[in-house]
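Colleague: PDB, C-alpha atoms and all ligand atoms, file protein32.pdb:
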```
MODEL        1
ATOM      1  CA  MET A   1      10.915   2.161  10.920  1.00  0.00           C
ATOM      2  CA  LYS A   2      11.295   4.449   7.922  1.00  0.00           C
ATOM      3  CA  ILE A   3       8.368   4.846   5.542  1.00  0.00           C
ATOM      4  CA  ARG A   4       8.313   6.862   2.321  1.00  0.00           C
ATOM      5  CA  ILE A   5       5.091   7.347   0.364  1.00  0.00           C
ATOM      6  CA  LEU A   6       5.829   7.765  -3.315  1.00  0.00           C
ATOM      7  CA  PRO A   7       4.004  10.478  -5.266  1.00  0.00           C
ATOM      8  CA  SER A   8       2.746   9.966  -8.799  1.00  0.00           C
ATOM      9  CA  ILE A   9       4.557  11.205 -11.835  1.00  0.00           C
ATOM     10  CA  SER A  10       3.220  14.614 -12.826  1.00  0.00           C
ATOM     11  CA  ASP A  11       2.058  16.388  -9.667  1.00  0.00           C
ATOM     12  CA  PRO A  12       4.297  15.728  -6.659  1.00  0.00           C
ATOM     13  CA  ARG A  13       1.348  16.388  -4.303  1.00  0.00           C
ATOM     14  CA  SER A  14      -0.798  13.816  -6.003  1.00  0.00           C
ATOM     15  CA  GLN A  15      -1.138  10.197  -4.959  1.00  0.00           C
ATOM     16  CA  LEU A  16      -2.637   8.828  -8.128  1.00  0.00           C
ATOM     17  CA  LEU A  17      -0.704   5.593  -7.691  1.00  0.00           C
ATOM     18  CA  ILE A  18      -0.050   3.817  -4.424  1.00  0.00           C
ATOM     19  CA  THR A  19       3.336   2.719  -3.077  1.00  0.00           C
ATOM     20  CA  TYR A  20       4.996   2.795   0.338  1.00  0.00           C
ATOM     21  CA  VAL A  21       8.706   1.998   0.665  1.00  0.00           C
ATOM     22  CA  LEU A  22       9.732   0.645   4.081  1.00  0.00           C
ATOM     23  CA  ASN A  23      13.363   0.924   5.216  1.00  0.00           C
ATOM     24  CA  ASP A  24      14.387   1.350   1.540  1.00  0.00           C
ATOM     25  CA  ARG A  25      14.021  -2.435   1.073  1.00  0.00           C
ATOM     26  CA  ILE A  26      10.369  -3.448   1.057  1.00  0.00           C
ATOM     27  CA  ALA A  27       7.467  -1.966  -0.905  1.00  0.00           C
ATOM     28  CA  ILE A  28       3.823  -2.180  -0.015  1.00  0.00           C
ATOM     29  CA  ASP A  29       2.126  -2.038  -3.415  1.00  0.00           C
ATOM     30  CA  ALA A  30       3.861  -1.034  -6.618  1.00  0.00           C
ATOM     31  CA  GLY A  31       1.628   1.561  -8.285  1.00  0.00           C
ATOM     32  CA  ALA A  32       4.391   4.175  -8.455  1.00  0.00           C
ATOM     33  CA  LEU A  33       7.440   2.084  -7.563  1.00  0.00           C
ATOM     34  CA  ALA A  34       9.131   1.754 -10.963  1.00  0.00           C
ATOM     35  CA  PHE A  35       7.863   5.150 -12.141  1.00  0.00           C
ATOM     36  CA  HIS A  36       9.312   7.131  -9.269  1.00  0.00           C
ATOM     37  CA  LEU A  37      12.428   5.490  -7.838  1.00  0.00           C
ATOM     38  CA  THR A  38      15.815   5.739  -9.498  1.00  0.00           C
ATOM     39  CA  GLY A  39      17.169   2.472 -10.906  1.00  0.00           C
ATOM     40  CA  GLU A  40      19.540   2.171  -7.946  1.00  0.00           C
ATOM     41  CA  GLU A  41      16.724   2.704  -5.435  1.00  0.00           C
ATOM     42  CA  LEU A  42      14.501   0.268  -7.289  1.00  0.00           C
ATOM     43  CA  LEU A  43      17.113  -2.486  -7.207  1.00  0.00           C
ATOM     44  CA  ARG A  44      17.342  -2.116  -3.422  1.00  0.00           C
ATOM     45  CA  VAL A  45      13.682  -3.112  -3.123  1.00  0.00           C
ATOM     46  CA  GLN A  46      13.825  -6.900  -2.893  1.00  0.00           C
ATOM     47  CA  ASP A  47      10.333  -7.581  -1.546  1.00  0.00           C
ATOM     48  CA  ILE A  48       7.005  -6.245  -2.792  1.00  0.00           C
ATOM     49  CA  VAL A  49       3.882  -6.894  -0.733  1.00  0.00           C
ATOM     50  CA  LEU A  50       0.597  -6.430  -2.577  1.00  0.00           C
ATOM     51  CA  THR A  51      -2.626  -5.422  -0.814  1.00  0.00           C
ATOM     52  CA  HIS A  52      -4.785  -6.142  -3.900  1.00  0.00           C
ATOM     53  CA  THR A  53      -4.486  -6.057  -7.684  1.00  0.00           C
ATOM     54  CA  HIS A  54      -6.308  -2.831  -8.573  1.00  0.00           C
ATOM     55  CA  LEU A  55      -4.319  -0.985 -11.205  1.00  0.00           C
ATOM     56  CA  ASP A  56      -3.354   1.996  -9.052  1.00  0.00           C
ATOM     57  CA  HIS A  57      -1.580  -0.493  -6.757  1.00  0.00           C
ATOM     58  CA  ILE A  58       0.265  -2.493  -9.452  1.00  0.00           C
ATOM     59  CA  ALA A  59       0.586  -0.103 -12.442  1.00  0.00           C
ATOM     60  CA  SER A  60       4.381   0.234 -12.435  1.00  0.00           C
ATOM     61  CA  PHE A  61       5.030  -3.348 -11.326  1.00  0.00           C
ATOM     62  CA  PRO A  62       5.474  -4.984 -14.790  1.00  0.00           C
ATOM     63  CA  PHE A  63       8.041  -2.331 -15.792  1.00  0.00           C
ATOM     64  CA  ILE A  64      10.509  -3.331 -13.069  1.00  0.00           C
ATOM     65  CA  PHE A  65      11.438  -6.387 -15.105  1.00  0.00           C
ATOM     66  CA  SER A  66      11.754  -4.679 -18.483  1.00  0.00           C
ATOM     67  CA  GLU A  67      13.587  -1.566 -17.257  1.00  0.00           C
ATOM     68  CA  GLU A  68      16.009  -3.370 -14.940  1.00  0.00           C
ATOM     69  CA  PHE A  69      16.213  -6.645 -16.875  1.00  0.00           C
ATOM     70  CA  THR A  70      20.004  -6.979 -16.962  1.00  0.00           C
ATOM     71  CA  ASN A  71      20.559  -5.485 -13.490  1.00  0.00           C
ATOM     72  CA  ILE A  72      18.425  -7.778 -11.319  1.00  0.00           C
ATOM     73  CA  ARG A  73      20.852 -10.039  -9.424  1.00  0.00           C
ATOM     74  CA  GLU A  74      18.382 -12.049  -7.375  1.00  0.00           C
ATOM     75  CA  PRO A  75      14.682 -12.663  -7.919  1.00  0.00           C
ATOM     76  CA  VAL A  76      12.392  -9.895  -6.659  1.00  0.00           C
ATOM     77  CA  ARG A  77      10.057 -11.557  -4.153  1.00  0.00           C
ATOM     78  CA  ILE A  78       6.382 -10.771  -4.746  1.00  0.00           C
ATOM     79  CA  HIS A  79       4.166 -11.431  -1.729  1.00  0.00           C
ATOM     80  CA  ALA A  80       0.439 -11.668  -2.413  1.00  0.00           C
ATOM     81  CA  THR A  81      -2.523 -13.929  -1.778  1.00  0.00           C
ATOM     82  CA  GLU A  82      -2.806 -17.061  -3.936  1.00  0.00           C
ATOM     83  CA  LYS A  83      -5.783 -15.467  -5.651  1.00  0.00           C
ATOM     84  CA  ASP A  84      -3.877 -12.275  -6.521  1.00  0.00           C
ATOM     85  CA  ILE A  85      -0.857 -14.264  -7.737  1.00  0.00           C
ATOM     86  CA  HIS A  86      -3.197 -16.151 -10.041  1.00  0.00           C
ATOM     87  CA  SER A  87      -4.631 -12.823 -11.282  1.00  0.00           C
ATOM     88  CA  LEU A  88      -1.156 -11.415 -12.018  1.00  0.00           C
ATOM     89  CA  ARG A  89      -0.165 -14.530 -13.937  1.00  0.00           C
ATOM     90  CA  THR A  90      -3.449 -14.591 -15.868  1.00  0.00           C
ATOM     91  CA  HIS A  91      -3.974 -10.901 -16.594  1.00  0.00           C
ATOM     92  CA  ILE A  92      -0.508  -9.241 -16.613  1.00  0.00           C
ATOM     93  CA  PHE A  93       2.281 -11.759 -17.290  1.00  0.00           C
ATOM     94  CA  ASN A  94       0.268 -13.538 -19.984  1.00  0.00           C
ATOM     95  CA  ASN A  95       2.396 -12.706 -23.061  1.00  0.00           C
ATOM     96  CA  ILE A  96      -0.448 -10.452 -24.284  1.00  0.00           C
ATOM     97  CA  ILE A  97      -0.526  -7.498 -21.895  1.00  0.00           C
ATOM     98  CA  TRP A  98       3.127  -8.043 -20.944  1.00  0.00           C
ATOM     99  CA  PRO A  99       5.784 -10.729 -21.470  1.00  0.00           C
ATOM    100  CA  ASP A 100       5.740 -13.590 -18.976  1.00  0.00           C
ATOM    101  CA  PHE A 101       8.820 -12.443 -17.092  1.00  0.00           C
ATOM    102  CA  THR A 102       8.340 -15.342 -14.680  1.00  0.00           C
ATOM    103  CA  LYS A 103       9.756 -17.528 -17.468  1.00  0.00           C
ATOM    104  CA  ILE A 104      12.412 -15.169 -18.881  1.00  0.00           C
ATOM    105  CA  PRO A 105      15.598 -15.300 -16.770  1.00  0.00           C
ATOM    106  CA  ASN A 106      18.526 -12.927 -17.158  1.00  0.00           C
ATOM    107  CA  ALA A 107      22.205 -13.919 -16.871  1.00  0.00           C
ATOM    108  CA  TYR A 108      21.835 -14.237 -13.058  1.00  0.00           C
ATOM    109  CA  GLY A 109      18.686 -16.369 -13.078  1.00  0.00           C
ATOM    110  CA  PRO A 110      14.940 -15.750 -12.551  1.00  0.00           C
ATOM    111  CA  LEU A 111      13.769 -12.128 -12.249  1.00  0.00           C
ATOM    112  CA  LEU A 112      10.948 -12.670  -9.794  1.00  0.00           C
ATOM    113  CA  GLY A 113       9.303 -15.226  -7.579  1.00  0.00           C
ATOM    114  CA  PHE A 114       5.797 -15.330  -6.134  1.00  0.00           C
ATOM    115  CA  HIS A 115       5.411 -15.979  -2.410  1.00  0.00           C
ATOM    116  CA  PRO A 116       1.817 -16.456  -1.252  1.00  0.00           C
ATOM    117  CA  PHE A 117       0.707 -15.213   2.156  1.00  0.00           C
ATOM    118  CA  THR A 118      -2.418 -16.097   4.072  1.00  0.00           C
ATOM    119  CA  PRO A 119      -4.436 -13.360   5.806  1.00  0.00           C
ATOM    120  CA  ASN A 120      -4.060 -13.338   9.599  1.00  0.00           C
ATOM    121  CA  GLN A 121      -0.867 -15.435   9.481  1.00  0.00           C
ATOM    122  CA  PRO A 122       2.183 -13.222  10.223  1.00  0.00           C
ATOM    123  CA  PHE A 123       5.248 -13.511   7.988  1.00  0.00           C
ATOM    124  CA  LEU A 124       8.742 -12.069   8.361  1.00  0.00           C
ATOM    125  CA  LEU A 125      10.550  -9.932   5.742  1.00  0.00           C
ATOM    126  CA  ASN A 126      13.999  -8.770   6.840  1.00  0.00           C
ATOM    127  CA  ASP A 127      13.302  -7.516  10.366  1.00  0.00           C
ATOM    128  CA  LEU A 128       9.660  -6.651   9.785  1.00  0.00           C
ATOM    129  CA  THR A 129       6.691  -8.838  10.673  1.00  0.00           C
ATOM    130  CA  PHE A 130       3.763  -8.390   8.310  1.00  0.00           C
ATOM    131  CA  THR A 131       0.218  -9.425   9.173  1.00  0.00           C
ATOM    132  CA  ALA A 132      -2.379  -9.188   6.414  1.00  0.00           C
ATOM    133  CA  ILE A 133      -5.860  -8.226   7.615  1.00  0.00           C
ATOM    134  CA  PRO A 134      -8.865  -8.511   5.264  1.00  0.00           C
ATOM    135  CA  VAL A 135     -10.645  -5.161   4.756  1.00  0.00           C
ATOM    136  CA  ASN A 136     -13.849  -4.130   2.984  1.00  0.00           C
ATOM    137  CA  HIS A 137     -13.182  -3.186  -0.657  1.00  0.00           C
ATOM    138  CA  THR A 138     -14.736  -4.042  -4.048  1.00  0.00           C
ATOM    139  CA  VAL A 139     -12.235  -6.896  -4.487  1.00  0.00           C
ATOM    140  CA  ASP A 140     -10.499  -9.067  -1.877  1.00  0.00           C
ATOM    141  CA  THR A 141      -8.042  -6.676  -0.227  1.00  0.00           C
ATOM    142  CA  CYS A 142      -5.713  -6.824   2.760  1.00  0.00           C
ATOM    143  CA  GLY A 143      -4.648  -4.056   5.054  1.00  0.00           C
ATOM    144  CA  PHE A 144      -1.424  -4.659   6.988  1.00  0.00           C
ATOM    145  CA  LEU A 145       0.045  -4.384  10.428  1.00  0.00           C
ATOM    146  CA  VAL A 146       3.838  -4.081  10.179  1.00  0.00           C
ATOM    147  CA  ASP A 147       5.948  -4.526  13.308  1.00  0.00           C
ATOM    148  CA  ASP A 148       9.712  -4.035  13.703  1.00  0.00           C
ATOM    149  CA  GLY A 149       9.907  -5.101  17.366  1.00  0.00           C
ATOM    150  CA  GLN A 150       9.773  -1.496  18.572  1.00  0.00           C
ATOM    151  CA  VAL A 151       6.783   0.011  16.806  1.00  0.00           C
ATOM    152  CA  SER A 152       3.852  -1.200  14.747  1.00  0.00           C
ATOM    153  CA  ILE A 153       2.353   0.710  11.847  1.00  0.00           C
ATOM    154  CA  GLY A 154      -1.055   0.038  10.286  1.00  0.00           C
ATOM    155  CA  PHE A 155      -2.008   0.381   6.616  1.00  0.00           C
ATOM    156  CA  THR A 156      -5.695   0.101   5.718  1.00  0.00           C
ATOM    157  CA  SER A 157      -5.092  -0.117   1.955  1.00  0.00           C
ATOM    158  CA  ASP A 158      -8.347   0.641   0.097  1.00  0.00           C
ATOM    159  CA  THR A 159     -11.306   0.159   2.390  1.00  0.00           C
ATOM    160  CA  ALA A 160     -14.771   1.311   3.303  1.00  0.00           C
ATOM    161  CA  LEU A 161     -16.260   0.710   6.760  1.00  0.00           C
ATOM    162  CA  THR A 162     -14.546  -2.357   8.185  1.00  0.00           C
ATOM    163  CA  ASP A 163     -14.183  -4.053  11.585  1.00  0.00           C
ATOM    164  CA  GLN A 164     -11.430  -6.644  11.863  1.00  0.00           C
ATOM    165  CA  PHE A 165      -8.737  -4.144  10.864  1.00  0.00           C
ATOM    166  CA  TRP A 166      -9.601  -1.844  13.789  1.00  0.00           C
ATOM    167  CA  GLU A 167      -9.808  -4.794  16.205  1.00  0.00           C
ATOM    168  CA  GLU A 168      -6.247  -5.779  15.209  1.00  0.00           C
ATOM    169  CA  MET A 169      -5.072  -2.189  15.678  1.00  0.00           C
ATOM    170  CA  ASN A 170      -6.551  -2.202  19.194  1.00  0.00           C
ATOM    171  CA  ARG A 171      -4.637  -5.404  19.969  1.00  0.00           C
ATOM    172  CA  SER A 172      -1.294  -3.946  18.840  1.00  0.00           C
ATOM    173  CA  GLU A 173       0.457  -2.584  21.932  1.00  0.00           C
ATOM    174  CA  ARG A 174       3.268  -0.901  19.993  1.00  0.00           C
ATOM    175  CA  LEU A 175       0.980   0.835  17.506  1.00  0.00           C
ATOM    176  CA  ALA A 176       2.331   4.283  16.556  1.00  0.00           C
ATOM    177  CA  ALA A 177       0.458   5.295  13.400  1.00  0.00           C
ATOM    178  CA  ILE A 178      -2.087   4.175  10.828  1.00  0.00           C
ATOM    179  CA  PHE A 179      -2.174   5.171   7.157  1.00  0.00           C
ATOM    180  CA  VAL A 180      -5.885   5.346   6.315  1.00  0.00           C
ATOM    181  CA  ASP A 181      -7.627   5.535   2.948  1.00  0.00           C
ATOM    182  CA  VAL A 182      -9.589   8.817   2.765  1.00  0.00           C
ATOM    183  CA  ALA A 183     -10.200   8.904  -0.978  1.00  0.00           C
ATOM    184  CA  PHE A 184     -13.238  11.173  -1.389  1.00  0.00           C
ATOM    185  CA  ASN A 185     -14.715  14.321   0.157  1.00  0.00           C
ATOM    186  CA  ASN A 186     -17.923  14.202   2.198  1.00  0.00           C
ATOM    187  CA  ALA A 187     -20.204  15.297  -0.666  1.00  0.00           C
ATOM    188  CA  LEU A 188     -19.022  12.232  -2.614  1.00  0.00           C
ATOM    189  CA  GLU A 189     -19.976   9.779   0.149  1.00  0.00           C
ATOM    190  CA  GLY A 190     -22.205   7.877  -2.322  1.00  0.00           C
ATOM    191  CA  VAL A 191     -19.233   7.390  -4.649  1.00  0.00           C
ATOM    192  CA  ALA A 192     -17.065   6.404  -1.685  1.00  0.00           C
ATOM    193  CA  LEU A 193     -19.561   3.792  -0.521  1.00  0.00           C
ATOM    194  CA  ALA A 194     -20.056   2.415  -4.044  1.00  0.00           C
ATOM    195  CA  SER A 195     -16.316   2.140  -4.699  1.00  0.00           C
ATOM    196  CA  LYS A 196     -15.636   1.148  -1.069  1.00  0.00           C
ATOM    197  CA  HIS A 197     -13.411   3.918   0.145  1.00  0.00           C
ATOM    198  CA  LEU A 198     -13.703   6.407   3.034  1.00  0.00           C
ATOM    199  CA  THR A 199     -14.428  10.134   3.388  1.00  0.00           C
ATOM    200  CA  PRO A 200     -13.443  12.371   6.328  1.00  0.00           C
ATOM    201  CA  HIS A 201     -16.946  11.867   7.772  1.00  0.00           C
ATOM    202  CA  LEU A 202     -16.728   8.069   7.404  1.00  0.00           C
ATOM    203  CA  LEU A 203     -13.234   8.208   8.909  1.00  0.00           C
ATOM    204  CA  THR A 204     -14.615   9.750  12.095  1.00  0.00           C
ATOM    205  CA  GLN A 205     -17.056   6.838  12.334  1.00  0.00           C
ATOM    206  CA  GLU A 206     -14.213   4.363  11.874  1.00  0.00           C
ATOM    207  CA  LEU A 207     -12.042   6.048  14.497  1.00  0.00           C
ATOM    208  CA  LYS A 208     -14.739   5.412  17.124  1.00  0.00           C
ATOM    209  CA  LYS A 209     -13.671   1.752  16.813  1.00  0.00           C
ATOM    210  CA  LEU A 210     -10.030   2.609  17.620  1.00  0.00           C
ATOM    211  CA  HIS A 211      -9.195   2.672  21.317  1.00  0.00           C
ATOM    212  CA  ARG A 212      -5.606   3.885  20.996  1.00  0.00           C
ATOM    213  CA  LYS A 213      -4.304   7.426  20.584  1.00  0.00           C
ATOM    214  CA  VAL A 214      -2.027   7.126  17.555  1.00  0.00           C
ATOM    215  CA  GLU A 215      -1.216   9.200  14.505  1.00  0.00           C
ATOM    216  CA  ILE A 216      -3.789   8.880  11.728  1.00  0.00           C
ATOM    217  CA  ILE A 217      -2.360   9.754   8.324  1.00  0.00           C
ATOM    218  CA  ALA A 218      -4.854  10.173   5.485  1.00  0.00           C
ATOM    219  CA  VAL A 219      -3.698   8.680   2.183  1.00  0.00           C
ATOM    220  CA  ASN A 220      -5.070   7.904  -1.279  1.00  0.00           C
ATOM    221  CA  LEU A 221      -6.824  11.285  -1.602  1.00  0.00           C
ATOM    222  CA  LYS A 222      -8.147  11.292  -5.158  1.00  0.00           C
ATOM    223  CA  PRO A 223      -6.445  14.146  -7.052  1.00  0.00           C
ATOM    224  CA  MET A 224      -9.794  15.714  -8.094  1.00  0.00           C
ATOM    225  CA  CYS A 225     -10.893  16.201  -4.478  1.00  0.00           C
ATOM    226  CA  ARG A 226      -7.571  16.373  -2.690  1.00  0.00           C
ATOM    227  CA  GLU A 227      -7.962  20.043  -1.669  1.00  0.00           C
ATOM    228  CA  ILE A 228     -11.494  19.529  -0.322  1.00  0.00           C
ATOM    229  CA  VAL A 229     -10.584  16.365   1.581  1.00  0.00           C
ATOM    230  CA  GLY A 230      -7.629  18.234   3.081  1.00  0.00           C
ATOM    231  CA  ALA A 231      -9.899  21.101   4.184  1.00  0.00           C
ATOM    232  CA  GLU A 232     -12.474  18.682   5.610  1.00  0.00           C
ATOM    233  CA  ILE A 233      -9.766  16.917   7.602  1.00  0.00           C
ATOM    234  CA  VAL A 234      -8.533  20.268   8.982  1.00  0.00           C
ATOM    235  CA  ALA A 235     -12.154  21.088   9.892  1.00  0.00           C
ATOM    236  CA  LEU A 236     -12.304  17.922  12.035  1.00  0.00           C
ATOM    237  CA  ASN A 237      -9.968  19.858  14.344  1.00  0.00           C
ATOM    238  CA  ASP A 238      -8.301  16.678  15.568  1.00  0.00           C
ATOM    239  CA  PRO A 239      -4.522  17.030  15.871  1.00  0.00           C
ATOM    240  CA  GLN A 240      -4.280  13.227  15.694  1.00  0.00           C
ATOM    241  CA  ILE A 241      -5.291  13.292  11.989  1.00  0.00           C
ATOM    242  CA  THR A 242      -3.074  14.691   9.226  1.00  0.00           C
ATOM    243  CA  VAL A 243      -2.892  14.380   5.454  1.00  0.00           C
ATOM    244  CA  ALA A 244       0.099  12.381   4.221  1.00  0.00           C
ATOM    245  CA  VAL A 245       3.076  14.328   2.937  1.00  0.00           C
ATOM    246  CA  LEU A 246       4.318  12.505  -0.129  1.00  0.00           C
ATOM    247  CA  ASP A 247       7.981  11.635  -0.620  1.00  0.00           C
ATOM    248  CA  LYS A 248       8.742  12.495   3.007  1.00  0.00           C
ATOM    249  CA  ASN A 249      10.572   9.898   5.071  1.00  0.00           C
ATOM    250  CA  TYR A 250       8.331   9.154   8.034  1.00  0.00           C
ATOM    251  CA  GLU A 251      10.246   7.632  10.922  1.00  0.00           C
ATOM    252  CA  TRP A 252       9.106   6.020  14.139  1.00  0.00           C
TER     253      TRP A 252
HETATM  254 ZN    ZN A 301      -8.657  -0.664  -4.868  1.00  0.00          ZN
ENDMDL
END
```
So that I can check it, write out the structure of this file as structure tokens.

Modeller:
Amino acid sequence: MKIRILPSISDPRSQLLITYVLNDRIAIDAGALAFHLTGEELLRVQDIVLTHTHLDHIASFPFIFSEEFTNIREPVRIHATEKDIHSLRTHIFNNIIWPDFTKIPNAYGPLLGFHPFTPNQPFLLNDLTFTAIPVNHTVDTCGFLVDDGQVSIGFTSDTALTDQFWEEMNRSERLAAIFVDVAFNNALEGVALASKHLTPHLLTQELKKLHRKVEIIAVNLKPMCREIVGAEIVALNDPQITVAVLDKNYEW
């Protein structure tokens, strides 16, 4: 499985906006998707799976349909919970914030289609099986387990202390790595708890729930505390835990 984490626009080390591209074809979240990929790369992404509707996870999403309007040959499939699909229709594609591209076809037909998923019920996209796992954030949010038949990779999305996600990771026999939200440094634990994210210290508490030795890759470091979070992760002195390298192709 090939996974590329997209950086945000100005600082290539910064993950202001969240997007993972899997095997060049499927995106998890679309914060940076249309801002960072070339038009050709963007058109290859036929499925977008949303963990939740916070802006840093959907910011570039509406632009796909304006920037590539004439080039989209088949509808981009948007996978989200029923509740998040309702939010996107109500708050983004409402002809106020952005045109309702669900009702504006191009010469080839509709530009996008919504495909609801239900947490804990696996669904197949190309050769990858996705299982959404509810996590603990300020809005309903799903982490994911993604399995290609050879390896499984976990994505916490935005979360504070949570249980079911780690139980699912323990059940996954092919688990190779988990991308974990470590947004704030230890001194900002109050902010992390209020906004429901993790710090390096909270991460060590979470990892006590994990009974598998796998790679732990810290993501979503807020730009203002990225350096400190990085130093605090190094200070954990655990070779299992690294900070994500953006725009690198991870492969397992
Ligand atoms: Zn969030």

Colleague: Residues contacting ligand ZN 301 (chain A) - anything with an atom at most 8 Å away, using only C-alpha atoms and all ligand atoms - can you give me those as a list of chain:residue names?

Modeller: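 I would give the residues around ligand ZN 301 (chain A) as A:His52, A:Thr53, A:His54, A:Leu55, A:Asp56, A:His57, A:His137, A:Thr138, A:Val139, A:Thr141, A:Ser157, A:Asp158, A:Thr159.
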
Colleague: Using the chain letters and residue numbers of this document, give as a list in words the residues selected by the PyMOL selection byres (((chain A and resi 215) around 7) and not hetatm).

Modeller: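 Checked against the file, the PyMOL selection byres (((chain A and resi 215) around 7) and not hetatm) matches Ala176, Ala177, Ile178, Val214, Ile216, Ile217, Gln240 and Ile241 of chain A.
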
Colleague: Report as a list in words the residues that result from applying the PyMOL selection byres (((chain A and resi 147) around 10) and not hetatm) to the structure here.

Modeller: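 Evaluating the PyMOL selection byres (((chain A and resi 147) around 10) and not hetatm) on these coordinates yields Met1, Pro122, Leu124, Asp127, Leu128, Thr129, Phe130, Thr131, Phe144, Leu145, Val146, Asp148, Gly149, Gln150, Val151, Ser152, Ile153, Gly154, Ser172, Arg174 and Leu175 of chain A.
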
Colleague: I would like the residues chosen by the PyMOL selection byres (((chain A and resi 229) around 10) and not hetatm) on the shown file; could you give them as number ranges by chain?

Modeller: A: 182-187, 199-201, 218, 221-228, 230-235, 243

Colleague: Counting all atoms listed in the file, select every polymer residue within 7 Å of (-6.0, 2.9, 16.8) as defined in the file's coordinates, and provide the selection as number ranges by chain.

Modeller: A: 166, 169-170, 210-214

Colleague: How big is the axis-aligned box, and where does its centre sit, when it encloses all atoms of range 119-126 of chain A listed in the file and has 4 Å added on every side, reported in Å to one decimal as AutoDock Vina command-line options?

Modeller:
```
--center_x 4.8 --center_y -12.1 --center_z 8.0 --size_x 26.4 --size_y 14.7 --size_z 12.5
```

Colleague: Between CA of Glu206 in chain A and CA of Pro119 in chain A, what is the spacing in Å?

Modeller: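 For CA of Pro119 in chain A relative to CA of Glu206 in chain A, the distance reads 21.1 Å.
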
Colleague: Residues near Tyr250 in chain A, anyone? I mean within 9 Å using only C-alpha atoms, not counting same-chain ones fewer than 6 positions away, as a PyMOL selection string.

Modeller: chain A and resi 1-5

Colleague: So how far away is CA of Ile78 in chain A from CA of Tyr20 in chain A, in Å?

Modeller: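 Taking CA of Tyr20 in chain A and CA of Ile78 in chain A, their separation equals 14.6 Å.
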
Colleague: Would you list the contacts of range 85-90 of chain A as a JSON list (two decimals) with C-alpha atoms, in the coordinates of the input, taking every protein, DNA or RNA residue within 9 Å and counting only C-alpha atoms, but skipping same-chain residues closer than 2 positions in sequence?

Modeller:
```json
[["chain", "number", "residue", "atom", "x", "y", "z"],
["A", 53, "THR", "CA", -4.49, -6.06, -7.68],
["A", 78, "ILE", "CA", 6.38, -10.77, -4.75],
["A", 79, "HIS", "CA", 4.17, -11.43, -1.73],
["A", 80, "ALA", "CA", 0.44, -11.67, -2.41],
["A", 81, "THR", "CA", -2.52, -13.93, -1.78],
["A", 82, "GLU", "CA", -2.81, -17.06, -3.94],
["A", 83, "LYS", "CA", -5.78, -15.47, -5.65],
["A", 92, "ILE", "CA", -0.51, -9.24, -16.61],
["A", 93, "PHE", "CA", 2.28, -11.76, -17.29],
["A", 94, "ASN", "CA", 0.27, -13.54, -19.98],
["A", 100, "ASP", "CA", 5.74, -13.59, -18.98],
["A", 102, "THR", "CA", 8.34, -15.34, -14.68],
["A", 114, "PHE", "CA", 5.80, -15.33, -6.13],
["A", 115, "HIS", "CA", 5.41, -15.98, -2.41],
["A", 116, "PRO", "CA", 1.82, -16.46, -1.25]]
```

Colleague: Can you pull out the residues contacting Phe101 in chain A? Cut-off 9 Å, using all atoms listed in the file, and skip same-chain residues under 5 positions away; I want them as a ChimeraX atom specification.

Modeller: /A:62,65-66,93,95,110-112

Colleague: Enter the distance from CA of Asp247 in chain A to CA of Gln46 in chain A, in Å, rounded to one decimal.

Modeller: 19.6 Å

Colleague: So which residues touch Ile48 in chain A within 9 Å, counting only C-alpha atoms, skipping near sequence neighbours fewer than 4 positions away, as a list in words?

Modeller: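 The filter keeps Arg25, Ile26, Ala27, Ile28, Asp29, Ala30, Val76, Arg77, Ile78, His79 and Ala80 of chain A.
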
Colleague: Please determine the residues with any atom at most 8 Å from (-15.1, -6.6, 5.2) (coordinates as given in the file, with all atoms listed in the file counting) and report them as a PyMOL selection string.

Modeller: chain A and resi 134-137+161-164
